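**Q** My questions all concern the structure below.
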Amino acid sequence: MATSGVAAAALFGTAVVTLAVLGVDVLRSGFMAGAPVGHPPGGAAGSAAATLLLAGTLGGFVMAGAAAWWLLAPIGSLYRRAVLALSSAFATVVLMLVAVPVHQLAGQPGLIGLAALLLAGGSACALRARRAARP
């Protein structure tokens, strides 16, 4: 149960970060337009993109911790539950690095596909964790 719960939470958190990166790319270059080479964002678009990236990254960490806390509710020890929730947030940091090569190789469609894959995997792990928690 704990393994599936932590995995699901980390995948959900990484999906949030991946969607934030997609949003930043859309703000910078438009939807499915591809990033313009050599043109950094300026003005309001740059500020909005930076805010979205920061909020999305922190939101992914919080999402991972909250999802793990909820999925691991059957664990009686608050200490163990908190440590596992924190571990899922740290796992999100490692997993979110996958979005960099995916974005470089496949662009926005790759990020959409990665987010869908992460959500599907997270859902499967969450179902497994919930099934394992039943008596």
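Residues in the structure tokens are numbered from 1 in each chain, the chains being A, B, ... in the order shown, and ligands are numbered from 1 in the order shown.
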Could you give me, as a compact mmCIF listing (two decimals) with C-alpha atoms, in the first residue's frame, the residues within 10 Å of segment 103-116 of chain A, counting only C-alpha atoms and dropping anything in the same chain fewer than 5 positions from it?

**A**
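The resulting around.txt:
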# COMPACT_ATOMS: atom_id res chain seq x y z
CA LEU A 11 3.22 10.78 -10.41
CA PHE A 12 0.33 13.16 -9.71
CA THR A 14 4.92 15.41 -11.56
CA ALA A 15 1.83 15.72 -13.78
CA VAL A 16 1.05 19.09 -12.15
CA VAL A 17 4.61 20.31 -12.80
CA THR A 18 4.49 19.01 -16.39
CA LEU A 19 1.24 20.87 -17.04
CA ALA A 20 2.81 24.01 -15.58
CA VAL A 21 5.77 23.66 -17.96
CA LEU A 22 3.29 23.22 -20.82
CA GLY A 23 1.50 26.39 -19.72
CA ASP A 25 5.59 27.13 -23.16
CA VAL A 26 2.13 28.17 -24.37
CA GLY A 30 1.56 30.05 -28.38
CA PHE A 31 -0.30 26.77 -28.45
CA MET A 32 1.40 24.16 -30.67
CA ALA A 33 3.49 26.85 -32.32
CA GLY A 34 6.92 25.71 -31.21
CA ALA A 35 9.34 27.85 -29.27
CA VAL A 98 11.88 13.93 -17.22
CA GLY A 121 0.03 5.78 -14.05
CA GLY A 122 -0.87 7.77 -10.96

**Q** For Arg81 of chain A, find every residue with an atom within 9 Å (counting only C-alpha atoms), except residues of its own chain fewer than 3 positions away, and show them as a list in words.

**A**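 Once the adjacent positions are removed, what remains is Ala2, Ala68, Trp69, Leu72, Ala73, Ile75, Gly76, Ser77, Leu78, Leu84, Ala85 and Leu86 of chain A.
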
**Q** Using DSSP on the backbone, list every residue of chain A that comes out as helix (DSSP H, G or I), and give them as a PyMOL selection string.

**A** chain A and resi 2-29+43-71+78-133

**Q** Considering only C-alpha atoms, state which residue in the set A:Ala89, A:Val102, A:Ala55, A:Leu27 is at the smallest distance from Val6 of chain A.

**A** A:Ala89

**Q** For the atom pair atom CA of Arg131 of chain A and atom CA of Gly5 of chain A, what is the interatomic distance in Å to one decimal place?

**A**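 Computing the Euclidean distance for atom CA of Arg131 of chain A and atom CA of Gly5 of chain A yields 10.7 Å.
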
**Q** Do a neighbour search on Arg128 of chain A at 10 Å with only C-alpha atoms, toss out local chain neighbours closer than 2 positions, and write the hits as a PyMOL selection string.

**A** chain A and resi 1+3-5+8+122-126+130-133

**Q** Can those selected residues be exported to a file as an mmCIF file, in the first residue's frame so that it contains C-alpha atoms?

**A**
data_model
loop_
_atom_site.group_PDB
_atom_site.id
_atom_site.type_symbol
_atom_site.label_atom_id
_atom_site.label_comp_id
_atom_site.auth_asym_id
_atom_site.auth_seq_id
_atom_site.Cartn_x
_atom_site.Cartn_y
_atom_site.Cartn_z
ATOM 1 C CA MET A 1 0.000 0.000 0.000
ATOM 2 C CA THR A 3 4.713 1.897 -2.229
ATOM 3 C CA SER A 4 1.695 2.352 -4.467
ATOM 4 C CA GLY A 5 0.538 5.410 -2.508
ATOM 5 C CA ALA A 8 0.781 7.587 -7.190
ATOM 6 C CA GLY A 122 -0.871 7.771 -10.960
ATOM 7 C CA SER A 123 -4.491 6.659 -11.208
ATOM 8 C CA ALA A 124 -3.470 3.012 -11.541
ATOM 9 C CA CYS A 125 -1.160 3.253 -8.518
ATOM 10 C CA ALA A 126 -3.820 5.091 -6.500
ATOM 11 C CA ARG A 130 -6.800 1.939 -2.145
ATOM 12 C CA ARG A 131 -7.477 -1.727 -2.897
ATOM 13 C CA ALA A 132 -4.559 -2.790 -0.685
ATOM 14 C CA ALA A 133 -5.940 -0.682 2.173
#

**Q** Which residue is closest to Gly65 of chain A? Choose from A:Ala91, A:Leu97, A:Leu127, A:Leu118 and count only C-alpha atoms.

**A**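 Ranking A:Ala91, A:Leu97, A:Leu127, A:Leu118 by distance to Gly65 of chain A, first place goes to A:Ala91.
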
**Q** What is the atom CA of Phe90 of chain A-atom CA of Ala10 of chain A distance in Å, reported with one decimal?

**A**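 Value for the atom CA of Phe90 of chain A-atom CA of Ala10 of chain A distance: 8.1 Å.
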